[in-house]
>>> print(open('start_11.txt').read())   # compact mmCIF, C-alpha atoms
# COMPACT_ATOMS: atom_id res chain seq x y z
CA MET A 1 -13.03 41.75 34.60
CA TYR A 2 -11.74 45.26 35.04
CA ASP A 3 -8.66 47.02 36.35
CA ILE A 4 -9.99 49.19 39.18
CA ARG A 5 -7.24 51.70 38.45
CA TRP A 6 -8.59 52.10 34.91
CA ILE A 7 -12.08 52.68 36.32
CA ARG A 8 -10.69 55.31 38.71
CA GLU A 9 -8.99 57.11 35.83
CA ASN A 10 -11.84 56.64 33.31
CA ALA A 11 -14.96 56.70 35.48
CA ALA A 12 -17.09 58.61 32.97
CA ALA A 13 -16.18 56.30 30.07
CA PHE A 14 -16.83 53.23 32.24
CA ASP A 15 -20.25 54.48 33.39
CA GLY A 16 -21.10 55.50 29.83
CA GLY A 17 -20.37 51.99 28.59
CA LEU A 18 -22.55 50.46 31.29
CA THR A 19 -25.37 52.87 30.48
CA ARG A 20 -25.22 51.69 26.85
CA ARG A 21 -25.56 48.16 28.19
CA GLY A 22 -28.73 49.17 30.02
CA LEU A 23 -27.09 49.23 33.45
CA GLU A 24 -26.83 51.87 36.12
CA PRO A 25 -23.48 53.71 36.59
CA LEU A 26 -21.28 51.79 39.02
CA SER A 27 -18.01 53.69 39.24
CA SER A 28 -18.90 55.49 42.50
CA SER A 29 -19.84 52.30 44.36
CA LEU A 30 -16.84 50.42 42.99
CA LEU A 31 -14.43 53.18 43.94
CA ALA A 32 -15.98 53.28 47.41
CA LEU A 33 -15.25 49.56 47.77
CA ASP A 34 -11.74 50.16 46.53
CA ASP A 35 -11.28 53.00 49.03
CA VAL A 36 -12.12 50.55 51.83
CA ARG A 37 -9.58 48.11 50.45
CA ARG A 38 -6.91 50.78 50.08
CA SER A 39 -7.58 52.09 53.59
CA ALA A 40 -7.20 48.58 55.01
CA ILE A 41 -3.93 48.15 53.12
CA ALA A 42 -2.64 51.52 54.38
CA LYS A 43 -3.54 50.68 57.98
CA ALA A 44 -1.87 47.26 57.74
CA GLN A 45 1.24 48.80 56.21
CA GLY A 46 1.28 51.46 58.90
CA VAL A 47 1.14 48.83 61.63
CA GLN A 48 3.96 46.85 60.00
CA GLU A 49 6.11 49.96 59.61
CA ARG A 50 5.50 50.84 63.27
CA ARG A 51 6.49 47.30 64.32
CA ASN A 52 9.70 47.56 62.30
CA ALA A 53 10.53 50.93 63.87
CA LEU A 54 9.80 49.63 67.38
CA SER A 55 12.08 46.64 66.80
CA LYS A 56 14.96 49.03 66.14
CA GLU A 57 14.10 51.08 69.22
CA ILE A 58 14.02 47.92 71.33
CA GLY A 59 17.49 47.09 70.10
CA LYS A 60 18.74 50.53 71.09
CA ALA A 61 17.06 50.32 74.50
CA MET A 62 18.59 46.91 75.14
CA GLY A 63 21.97 48.26 74.08
CA ALA A 64 21.56 51.08 76.56
CA LYS A 65 20.44 48.56 79.20
CA ASP A 66 17.15 50.45 79.61
CA VAL A 67 15.09 47.42 80.51
CA ALA A 68 11.96 49.39 81.43
CA LEU A 69 11.86 51.14 78.05
CA ALA A 70 12.56 47.89 76.22
CA ASP A 71 9.69 46.17 78.05
CA GLN A 72 7.37 49.08 77.24
CA LEU A 73 8.29 48.90 73.54
CA LYS A 74 7.88 45.11 73.48
CA ALA A 75 4.40 45.47 74.93
CA GLU A 76 3.49 47.90 72.14
CA VAL A 77 4.87 45.46 69.54
CA ALA A 78 2.77 42.66 71.03
CA ALA A 79 -0.36 44.81 70.86
CA LEU A 80 0.33 45.68 67.24
CA LYS A 81 0.95 42.03 66.45
CA GLU A 82 -2.49 41.18 67.80
CA GLU A 83 -4.05 44.00 65.75
CA GLN A 84 -2.49 42.97 62.43
CA PRO A 85 -4.59 39.82 61.66
CA ALA A 86 -7.79 41.86 61.96
CA LEU A 87 -6.43 44.44 59.53
CA GLU A 88 -5.35 41.73 57.09
CA ALA A 89 -8.81 40.15 57.34
CA GLU A 90 -10.37 43.57 56.66
CA GLU A 91 -8.21 43.99 53.57
CA LYS A 92 -9.05 40.47 52.34
CA ALA A 93 -12.80 41.01 52.85
CA ALA A 94 -12.68 44.34 51.02
CA LYS A 95 -10.75 42.81 48.11
CA GLU A 96 -13.16 39.88 47.86
CA ALA A 97 -16.16 42.21 47.86
CA LEU A 98 -14.60 44.33 45.12
CA ASP A 99 -13.58 41.32 43.01
CA GLU A 100 -17.01 39.72 43.37
CA THR A 101 -18.69 42.92 42.20
CA LEU A 102 -16.29 43.41 39.30
CA ALA A 103 -16.75 39.78 38.16
CA ALA A 104 -20.48 40.36 37.59
CA ILE A 105 -20.09 43.44 35.35
CA PRO A 106 -20.17 42.92 31.55
CA ASN A 107 -17.53 44.23 29.18
CA VAL A 108 -17.82 47.78 27.86
CA PRO A 109 -18.83 47.90 24.16
CA PHE A 110 -16.79 49.56 21.43
CA ASP A 111 -17.94 52.99 20.28
CA ASP A 112 -19.03 51.62 16.89
CA VAL A 113 -21.42 49.04 18.40
CA PRO A 114 -25.03 50.14 17.75
CA ASP A 115 -27.18 50.95 20.76
CA GLY A 116 -30.27 48.85 21.34
CA ALA A 117 -32.25 46.98 23.97
CA ASP A 118 -32.49 43.57 22.26
CA GLU A 119 -32.10 41.75 18.93
CA HIS A 120 -34.37 44.30 17.25
CA GLY A 121 -31.52 46.80 17.59
CA ASN A 122 -29.06 44.68 15.59
CA VAL A 123 -27.86 46.13 12.28
CA VAL A 124 -27.22 44.33 8.98
CA SER A 125 -23.54 44.59 8.10
CA HIS A 126 -23.64 42.78 4.76
CA VAL A 127 -25.45 40.02 2.88
CA HIS A 128 -23.99 37.17 0.85
CA GLY A 129 -25.74 35.55 -2.09
CA MET A 130 -29.42 35.12 -2.81
CA LYS A 131 -32.16 33.01 -1.28
CA PRO A 132 -32.52 29.63 -3.02
CA GLU A 133 -36.12 30.52 -3.83
CA GLU A 134 -34.84 33.53 -5.79
CA ARG A 135 -32.22 31.42 -7.58
CA GLY A 136 -34.71 28.80 -8.69
CA LEU A 137 -33.05 26.06 -6.62
CA LEU A 138 -36.22 24.84 -4.90
CA ARG A 139 -37.99 23.84 -8.12
CA GLY A 140 -41.39 22.27 -7.62
CA ILE A 141 -41.47 23.18 -3.93
CA ASN A 142 -44.17 25.71 -3.11
CA ASP A 143 -43.90 25.31 0.64
CA PRO A 144 -40.37 24.30 1.74
CA LYS A 145 -40.29 21.91 4.68
CA GLN A 146 -38.46 22.51 7.94
CA HIS A 147 -35.49 20.30 8.78
CA PHE A 148 -37.36 18.16 11.30
CA GLU A 149 -40.14 17.47 8.80
CA LEU A 150 -37.57 16.37 6.24
CA GLY A 151 -35.55 14.32 8.71
CA GLU A 152 -38.54 12.55 10.24
CA ALA A 153 -40.02 11.75 6.82
CA LEU A 154 -36.69 10.20 5.82
CA GLY A 155 -36.73 8.12 9.02
CA GLN A 156 -33.30 9.45 10.00
CA MET A 157 -34.09 12.09 12.62
CA ASP A 158 -35.91 10.93 15.75
CA PHE A 159 -36.91 13.25 18.59
CA GLU A 160 -39.29 10.80 20.29
CA LYS A 161 -36.59 8.19 20.86
CA ALA A 162 -34.24 10.90 22.10
CA ALA A 163 -36.90 12.08 24.56
CA LYS A 164 -37.23 8.54 25.93
CA LEU A 165 -33.47 8.46 26.46
CA SER A 166 -32.80 11.98 27.72
CA GLY A 167 -35.88 14.19 27.73
CA SER A 168 -36.61 17.25 25.61
CA ARG A 169 -34.08 19.14 23.49
CA PHE A 170 -32.21 16.06 22.30
CA VAL A 171 -32.24 14.22 18.97
CA VAL A 172 -31.12 10.88 17.56
CA LEU A 173 -29.63 11.16 14.06
CA GLN A 174 -29.27 7.99 12.01
CA ASN A 175 -27.98 6.67 8.73
CA GLN A 176 -26.99 9.26 6.11
CA ILE A 177 -28.17 12.30 8.09
CA ALA A 178 -25.88 11.23 10.94
CA ARG A 179 -23.12 10.89 8.39
CA LEU A 180 -23.95 14.28 6.88
CA SER A 181 -23.64 15.87 10.32
CA ARG A 182 -20.23 14.24 10.77
CA ALA A 183 -19.20 15.32 7.27
CA ILE A 184 -20.08 18.96 7.96
CA GLY A 185 -17.97 19.04 11.13
CA GLN A 186 -14.97 17.38 9.51
CA PHE A 187 -15.23 19.62 6.45
CA MET A 188 -15.23 22.81 8.53
CA LEU A 189 -12.37 21.59 10.70
CA ASP A 190 -10.30 20.82 7.60
CA VAL A 191 -10.98 24.24 6.10
CA HIS A 192 -9.87 26.07 9.25
CA THR A 193 -6.73 24.00 9.77
CA GLU A 194 -5.60 23.61 6.17
CA GLU A 195 -6.67 26.95 4.70
CA HIS A 196 -6.93 29.36 7.64
CA GLY A 197 -3.95 28.36 9.76
CA TYR A 198 -5.74 27.34 12.96
CA THR A 199 -4.13 24.70 15.16
CA GLU A 200 -6.43 21.74 15.78
CA VAL A 201 -6.96 20.89 19.44
CA ASN A 202 -8.77 17.98 21.08
CA PRO A 203 -9.54 19.54 24.47
CA PRO A 204 -11.15 18.17 27.65
CA LEU A 205 -14.94 18.36 27.76
CA LEU A 206 -14.88 18.70 31.55
CA VAL A 207 -13.36 21.82 33.10
CA ARG A 208 -12.96 23.28 36.58
CA ASP A 209 -14.46 26.43 38.07
CA ASP A 210 -11.38 28.53 37.28
CA ALA A 211 -11.64 27.78 33.56
CA MET A 212 -15.34 28.69 33.48
CA PHE A 213 -14.60 31.86 35.42
CA GLY A 214 -11.79 32.73 33.01
CA THR A 215 -14.12 32.95 30.01
CA ALA A 216 -16.93 34.50 32.12
CA GLN A 217 -19.42 31.62 32.20
CA LEU A 218 -19.10 31.87 35.97
CA PRO A 219 -20.40 33.24 38.20
CA LYS A 220 -23.18 35.09 36.37
CA PHE A 221 -24.32 32.28 34.04
CA ARG A 222 -24.11 29.38 36.46
CA ASP A 223 -27.72 28.32 35.78
CA ASP A 224 -27.01 27.99 32.04
CA GLN A 225 -24.34 25.32 32.62
CA PHE A 226 -24.36 21.60 33.35
CA ARG A 227 -22.52 20.61 36.52
CA ALA A 228 -20.62 17.31 36.42
CA GLY A 229 -19.80 16.12 39.92
CA ASP A 230 -18.31 18.37 42.57
CA GLU A 231 -15.30 19.69 40.65
CA HIS A 232 -16.22 19.91 36.98
CA TRP A 233 -18.54 21.45 34.42
CA LEU A 234 -19.47 20.17 30.97
CA ILE A 235 -18.21 22.72 28.47
CA PRO A 236 -20.89 24.97 26.91
CA THR A 237 -18.47 25.58 24.03
CA ALA A 238 -14.85 24.77 23.23
CA GLU A 239 -14.17 28.48 23.78
CA VAL A 240 -13.68 27.59 27.44
CA PRO A 241 -10.79 25.10 27.19
CA LEU A 242 -9.24 26.72 24.10
CA THR A 243 -9.08 30.23 25.56
CA ASN A 244 -7.84 28.89 28.88
CA LEU A 245 -4.83 27.33 27.15
CA ALA A 246 -3.25 30.75 27.70
CA ARG A 247 -4.25 31.08 31.38
CA GLU A 248 -1.57 31.90 33.93
CA SER A 249 1.00 32.23 31.13
CA ILE A 250 3.43 34.90 29.98
CA LEU A 251 3.75 34.51 26.22
CA SER A 252 6.28 36.18 23.96
CA GLU A 253 5.03 38.60 21.31
CA GLU A 254 6.63 36.35 18.68
CA GLU A 255 4.20 33.56 19.64
CA LEU A 256 1.16 35.72 18.87
CA PRO A 257 -1.34 35.34 17.46
CA LEU A 258 -2.28 31.90 18.73
CA ARG A 259 -5.16 30.44 16.72
CA PHE A 260 -6.94 27.33 17.94
CA THR A 261 -9.86 25.33 16.59
CA ALA A 262 -11.74 22.31 17.90
CA LEU A 263 -14.75 20.22 16.98
CA THR A 264 -16.46 19.20 20.20
CA PRO A 265 -19.78 18.33 21.75
CA CYS A 266 -21.20 21.30 23.68
CA PHE A 267 -23.69 21.26 26.55
CA ARG A 268 -26.09 24.02 27.61
CA SER A 269 -29.02 23.93 29.98
CA GLU A 270 -30.90 26.61 28.00
CA ALA A 271 -32.29 27.79 31.34
CA GLY A 272 -33.43 31.10 29.87
CA SER A 273 -35.02 29.65 26.74
CA ALA A 274 -38.15 27.95 28.06
CA GLY A 275 -40.73 27.73 25.28
CA ARG A 276 -38.33 28.90 22.54
CA ASP A 277 -37.51 26.70 19.54
CA THR A 278 -38.94 23.56 21.09
CA ARG A 279 -39.40 21.85 17.71
CA GLY A 280 -36.38 20.50 15.92
CA MET A 281 -32.64 20.92 16.43
CA LEU A 282 -32.26 24.68 16.71
CA ARG A 283 -31.84 24.84 20.48
CA GLN A 284 -30.47 21.63 22.00
CA HIS A 285 -28.96 20.68 25.35
CA GLN A 286 -26.24 18.79 23.46
CA PHE A 287 -24.83 19.84 20.10
CA GLU A 288 -21.57 19.97 18.15
CA LYS A 289 -19.67 23.07 17.13
CA VAL A 290 -16.41 23.98 15.48
CA GLU A 291 -14.92 26.70 17.67
CA LEU A 292 -12.36 29.33 16.68
CA VAL A 293 -10.24 31.08 19.32
CA SER A 294 -7.50 33.67 18.87
CA ILE A 295 -5.04 35.07 21.41
CA THR A 296 -3.49 38.31 20.14
CA ALA A 297 -1.55 41.42 21.01
CA PRO A 298 -3.93 44.33 21.79
CA GLU A 299 -3.15 46.36 18.66
CA LYS A 300 -4.01 43.36 16.45
CA SER A 301 -7.33 42.29 17.98
CA ARG A 302 -9.60 44.39 15.75
CA GLU A 303 -7.84 43.07 12.65
CA GLU A 304 -8.08 39.52 14.01
CA HIS A 305 -11.82 39.99 14.52
CA GLU A 306 -12.25 40.80 10.83
CA ARG A 307 -10.14 37.78 9.93
CA MET A 308 -12.12 35.42 12.16
CA LEU A 309 -15.41 36.56 10.62
CA ALA A 310 -14.00 35.94 7.14
CA CYS A 311 -12.93 32.43 8.16
CA ALA A 312 -16.42 31.61 9.43
CA GLU A 313 -18.00 33.07 6.30
CA ALA A 314 -15.70 31.01 4.10
CA VAL A 315 -17.25 27.69 5.12
CA LEU A 316 -20.76 28.98 4.39
CA LYS A 317 -19.65 30.26 1.01
CA LYS A 318 -18.18 26.83 0.20
CA LEU A 319 -21.52 25.29 1.19
CA ASP A 320 -23.20 27.82 -1.12
CA LEU A 321 -25.55 29.06 1.59
CA HIS A 322 -27.26 32.43 1.58
CA TYR A 323 -26.60 34.41 4.77
CA ARG A 324 -26.34 37.86 6.28
CA VAL A 325 -23.93 39.28 8.85
CA MET A 326 -25.40 41.26 11.73
CA THR A 327 -23.62 43.69 14.04
CA LEU A 328 -25.13 43.01 17.43
CA CYS A 329 -26.37 45.95 19.45
CA THR A 330 -25.40 46.68 23.05
CA GLY A 331 -28.46 44.91 24.43
CA ASP A 332 -27.92 41.66 22.52
CA MET A 333 -24.16 41.12 22.64
CA GLY A 334 -22.53 38.65 25.01
CA PHE A 335 -21.35 39.39 28.54
CA ALA A 336 -17.60 39.26 27.72
CA SER A 337 -17.80 40.85 24.28
CA GLN A 338 -16.78 44.32 23.16
CA LYS A 339 -18.21 43.73 19.68
CA THR A 340 -19.97 40.77 18.09
CA TRP A 341 -20.92 39.82 14.56
CA ASP A 342 -23.53 37.12 14.08
CA ILE A 343 -23.82 35.20 10.83
CA GLU A 344 -27.42 34.27 10.13
CA ALA A 345 -28.19 31.62 7.51
CA TRP A 346 -31.42 31.68 5.53
CA LEU A 347 -33.73 28.75 6.36
CA PRO A 348 -36.40 28.30 3.65
CA GLY A 349 -38.52 26.03 5.87
CA GLN A 350 -38.76 28.66 8.59
CA LYS A 351 -38.75 31.50 6.05
CA THR A 352 -36.33 33.44 8.23
CA TYR A 353 -32.67 33.93 9.08
CA ARG A 354 -31.19 32.08 12.07
CA GLU A 355 -27.85 32.47 13.78
CA ILE A 356 -25.26 29.93 12.65
CA SER A 357 -22.11 31.64 13.90
CA SER A 358 -21.13 34.35 16.37
CA CYS A 359 -17.69 36.04 16.36
CA SER A 360 -16.67 38.24 19.29
CA VAL A 361 -13.68 40.31 20.34
CA CYS A 362 -13.27 40.53 24.12
CA GLY A 363 -10.23 42.77 24.58
CA ASP A 364 -8.38 41.97 27.81
CA PHE A 365 -11.62 41.16 29.68
CA GLN A 366 -11.06 37.40 29.75
CA ALA A 367 -7.27 37.70 29.94
CA ARG A 368 -7.52 39.51 33.27
CA ARG A 369 -9.73 36.74 34.64
CA MET A 370 -7.21 34.14 33.42
CA ASN A 371 -4.04 36.17 34.10
CA ALA A 372 -2.95 35.58 30.49
CA ARG A 373 -0.14 37.95 29.52
CA TYR A 374 2.69 38.52 27.05
CA LYS A 375 5.98 40.41 26.75
CA THR A 376 6.90 42.55 23.76
CA LYS A 377 9.85 41.82 21.49
CA ASP A 378 11.97 44.35 23.40
CA GLY A 379 11.12 42.70 26.73
CA LYS A 380 8.53 45.21 27.95
CA GLY A 381 5.59 43.98 29.97
CA PRO A 382 4.04 41.70 30.82
CA PHE A 383 0.79 43.06 29.37
CA PHE A 384 -2.57 41.33 29.11
CA VAL A 385 -3.33 39.64 25.79
CA HIS A 386 -6.59 40.12 23.92
CA THR A 387 -8.92 37.17 23.27
CA LEU A 388 -11.43 36.44 20.52
CA ASN A 389 -13.83 33.57 19.92
CA GLY A 390 -16.19 32.51 17.19
CA SER A 391 -18.21 29.64 15.77
CA GLY A 392 -16.74 28.19 12.65
CA THR A 393 -19.60 27.10 12.67
CA ALA A 394 -22.30 25.37 14.74
CA VAL A 395 -22.56 21.89 13.16
CA GLY A 396 -26.22 21.25 14.02
CA ARG A 397 -27.36 24.57 12.64
CA ALA A 398 -25.26 24.08 9.51
CA LEU A 399 -26.95 20.70 9.10
CA ILE A 400 -30.34 22.39 9.40
CA ALA A 401 -29.35 24.98 6.77
CA VAL A 402 -28.06 22.33 4.37
CA MET A 403 -31.17 20.18 4.74
CA GLU A 404 -33.58 23.06 4.17
CA ASN A 405 -31.64 24.74 1.37
CA TYR A 406 -30.83 21.53 -0.51
CA GLN A 407 -34.23 19.81 -0.17
CA ASN A 408 -35.91 18.36 -3.24
CA ALA A 409 -39.58 18.05 -4.16
CA ASP A 410 -39.55 14.30 -3.45
CA GLY A 411 -38.30 14.84 0.11
CA SER A 412 -34.71 13.85 -0.62
CA ILE A 413 -31.72 16.09 0.17
CA THR A 414 -28.94 16.86 -2.27
CA VAL A 415 -25.49 16.71 -0.72
CA PRO A 416 -23.49 19.94 -1.29
CA GLU A 417 -20.61 19.33 -3.68
CA VAL A 418 -17.90 20.08 -1.11
CA LEU A 419 -19.32 17.46 1.24
CA VAL A 420 -19.54 14.60 -1.29
CA PRO A 421 -15.96 13.40 -0.61
CA TYR A 422 -16.78 13.28 3.13
CA MET A 423 -19.90 11.26 2.29
CA ARG A 424 -17.84 8.72 0.27
CA GLY A 425 -19.48 9.72 -2.97
CA VAL A 426 -23.10 9.89 -1.75
CA THR A 427 -24.75 12.76 -3.62
CA LYS A 428 -28.32 12.46 -2.37
CA ILE A 429 -29.93 11.44 0.94
CA GLU A 430 -33.09 9.44 0.38
CA LYS A 431 -35.40 7.29 2.44
CA ALA A 432 -34.06 3.79 2.79
CA ALA A 433 -35.93 1.25 0.69
>>> encode(input="start_11.txt", output="structure tokens")
Amino acid sequence: MYDIRWIRENAAAFDGGLTRRGLEPLSSSLLALDDVRRSAIAKAQGVQERRNALSKEIGKAMGAKDVALADQLKAEVAALKEEQPALEAEEKAAKEALDETLAAIPNVPFDDVPDGADEHGNVVSHVHGMKPEERGLLRGINDPKQHFELGEALGQMDFEKAAKLSGSRFVVLQNQIARLSRAIGQFMLDVHTEEHGYTEVNPPLLVRDDAMFGTAQLPKFRDDQFRAGDEHWLIPTAEVPLTNLARESILSEEELPLRFTALTPCFRSEAGSAGRDTRGMLRQHQFEKVELVSITAPEKSREEHERMLACAEAVLKKLDLHYRVMTLCTGDMGFASQKTWDIEAWLPGQKTYREISSCSVCGDFQARRMNARYKTKDGKGPFFVHTLNGSGTAVGRALIAVMENYQNADGSITVPEVLVPYMRGVTKIEKAA
């Protein structure tokens, strides 16, 4: 969401940012809408000022016992009174048209975001570690299996039963793989709360329209969401409730930054992903994710973005997974983002990197939609906060990475050392006898 005054003062920069996003310049049409709104406001104010002036003149006429003049002035006041609702309706309609248009425009990218039309324009920022094949960790395995091949062979990952229950893009995990999934989520949550200073939150999984609008899932991405009844949506990510904890608030600078984390189920319709990743767990309607959200002062948001990325990377380093960090280009970054880093884990079974975390800085884009503000230490403001969100990380995709990177030649899966305590000492997942 944008401040129309900023667009008026920075029209060229605004249009330039949209052009980098692959959109047509919009400042002229937006300012034309705003001119209609401002004209309606000016006319309504003019009518009110005239009514106020006439009321004084009526008083003078009555004092002078000029009944004819008083009646004439009263008639003019009555006419103006009838005119005012139409002017107020004109102003309201113009404001709604402007707000509706602004709500559908994505955030303007930072200058250091690479230009590009799609994921092929993304740029490698840095790489951590080596592929397990290069480290000799997949001994005796010439053709590493994909996670669903491993899980199905172990009898602990069932897509057919899930399809009978719920349709496609669901899975039933059982036995030690179900436990491994739980262990990964709990491990990551502990790391972020105990080592990284995030406050654990157990948020609602159902939210109202205003919350979805605040983080920009609505109105543009309505078809990607699951509606629950007439008043609620299932959350697509805990970013929605966590970020909205600051909505309609005026925080003090001393409270910032706020850092929240949550492990929740997430629900996405995947409306735009027909035919993509139909095998396995990569793209599910229901999945679990550890979310990271930060609410900061504007001058700290870039620094907080670096910190959030490091926090997400830390859990993958502890799991000893090989990954790379990508700077997303203008054509691949999210609607609300000014800059996004994706962490992509290496999957030996697929022989490719796949996204496991995404960390974005949104500036005041979401804060304006939520009316989330703060005052400085010296009482200045209120100003809009800056918001950030990231995956710390996606539990299902971390499970996939662990299964494929820690597979053994006999089809068993070694449990990463850091997860053994969460597995109550189990060090290897094998097929039940």
>>> atom_distance(input="start_11.txt", atom1="CA of Ser391 in chain A", atom2="CA of Asp342 in chain A")
9.3 Å
>>> atom_distance(input="start_11.txt", atom1="CA of Gly381 in chain A", atom2="CA of Glu96 in chain A")
26.2 Å
>>> closest_residue(input="start_11.txt", among="A:Cys359, A:Val77, A:Leu69, A:Ala372", to="Leu245 in chain A", atoms="all atoms listed in the file")
A:Ala372
>>> residues_around(input="start_11.txt", residues="range 408-420 of chain A", least_positions_apart="6", cutoff="10 Å", atoms="only C-alpha atoms", output="ChimeraX atom specification")
/A:137-145,149-151,153-154,177,180,183-184,186-188,315,318-321,402,426-431
>>> closest_atom_pairs(input="start_11.txt", of="range 316-387 of chain A", to="range 281-304 of chain A", cutoff="8 Å", atoms="all atoms listed in the file", output="Markdown table")
| residue | atom | partner | partner_atom | distance |
| --- | --- | --- | --- | --- |
| A:Val361 | CA | A:Ser301 | CA | 7.1 |
| A:Gly363 | CA | A:Pro298 | CA | 7.1 |
| A:Asp364 | CA | A:Pro298 | CA | 7.8 |
| A:Tyr374 | CA | A:Ala297 | CA | 7.9 |
| A:Val385 | CA | A:Ala297 | CA | 5.4 |
| A:His386 | CA | A:Thr296 | CA | 5.2 |
| A:Thr387 | CA | A:Ile295 | CA | 4.8 |
>>> write_last_selection(input="start_11.txt", atoms="C-alpha atoms", output="tab-separated table (two decimals), keeping the file's coordinate frame")
chain	number	residue	atom	x	y	z
A	361	VAL	CA	-13.68	40.31	20.34
A	363	GLY	CA	-10.23	42.77	24.58
A	364	ASP	CA	-8.38	41.97	27.81
A	374	TYR	CA	2.69	38.52	27.05
A	385	VAL	CA	-3.33	39.64	25.79
A	386	HIS	CA	-6.59	40.12	23.92
A	387	THR	CA	-8.92	37.17	23.27
>>> axis_aligned_box(input="start_11.txt", around="range 284-301 of chain A", padding_each_side="4 Å", output="JSON")
{"center_x": -16.0, "center_y": 32.6, "center_z": 20.4, "size_x": 36.9, "size_y": 35.6, "size_z": 17.9}
>>> residues_near_point(input="start_11.txt", point="(-17.4, 55.4, 34.2)", cutoff="12 Å", atoms="only C-alpha atoms", output="PyMOL selection string")
chain A and resi 2+4-20+23-31+108
>>> atom_distance(input="start_11.txt", atom1="CA of Thr393 in chain A", atom2="CA of His120 in chain A")
23.1 Å
>>> closest_residue(input="start_11.txt", among="A:Gly214, A:Asn389, A:Ala314, A:Gly280", to="Glu152 in chain A", atoms="only C-alpha atoms")
A:Gly280
>>> closest_atom_pairs(input="start_11.txt", of="range 129-198 of chain A", to="range 249-271 of chain A", cutoff="12 Å", atoms="only C-alpha atoms", output="tab-separated table")
residue	atom	partner	partner_atom	distance
A:Ser168	CA	A:Ser269	CA	11.0
A:Arg169	CA	A:Glu270	CA	9.3
A:Phe170	CA	A:Phe267	CA	10.8
A:Ser181	CA	A:Leu263	CA	11.9
A:Arg182	CA	A:Leu263	CA	10.2
A:Ala183	CA	A:Leu263	CA	11.8
A:Ile184	CA	A:Leu263	CA	10.6
A:Gly185	CA	A:Leu263	CA	6.8
A:Gln186	CA	A:Leu263	CA	8.0
A:Phe187	CA	A:Leu263	CA	10.6
A:Met188	CA	A:Leu263	CA	8.9
A:Leu189	CA	A:Leu263	CA	6.9
A:Asp190	CA	A:Thr261	CA	10.1
A:Val191	CA	A:Thr261	CA	10.6
A:His192	CA	A:Thr261	CA	7.4
A:Thr193	CA	A:Thr261	CA	7.6
A:Glu194	CA	A:Thr261	CA	11.4
A:His196	CA	A:Arg259	CA	9.3
A:Gly197	CA	A:Arg259	CA	7.4
A:Tyr198	CA	A:Arg259	CA	4.9
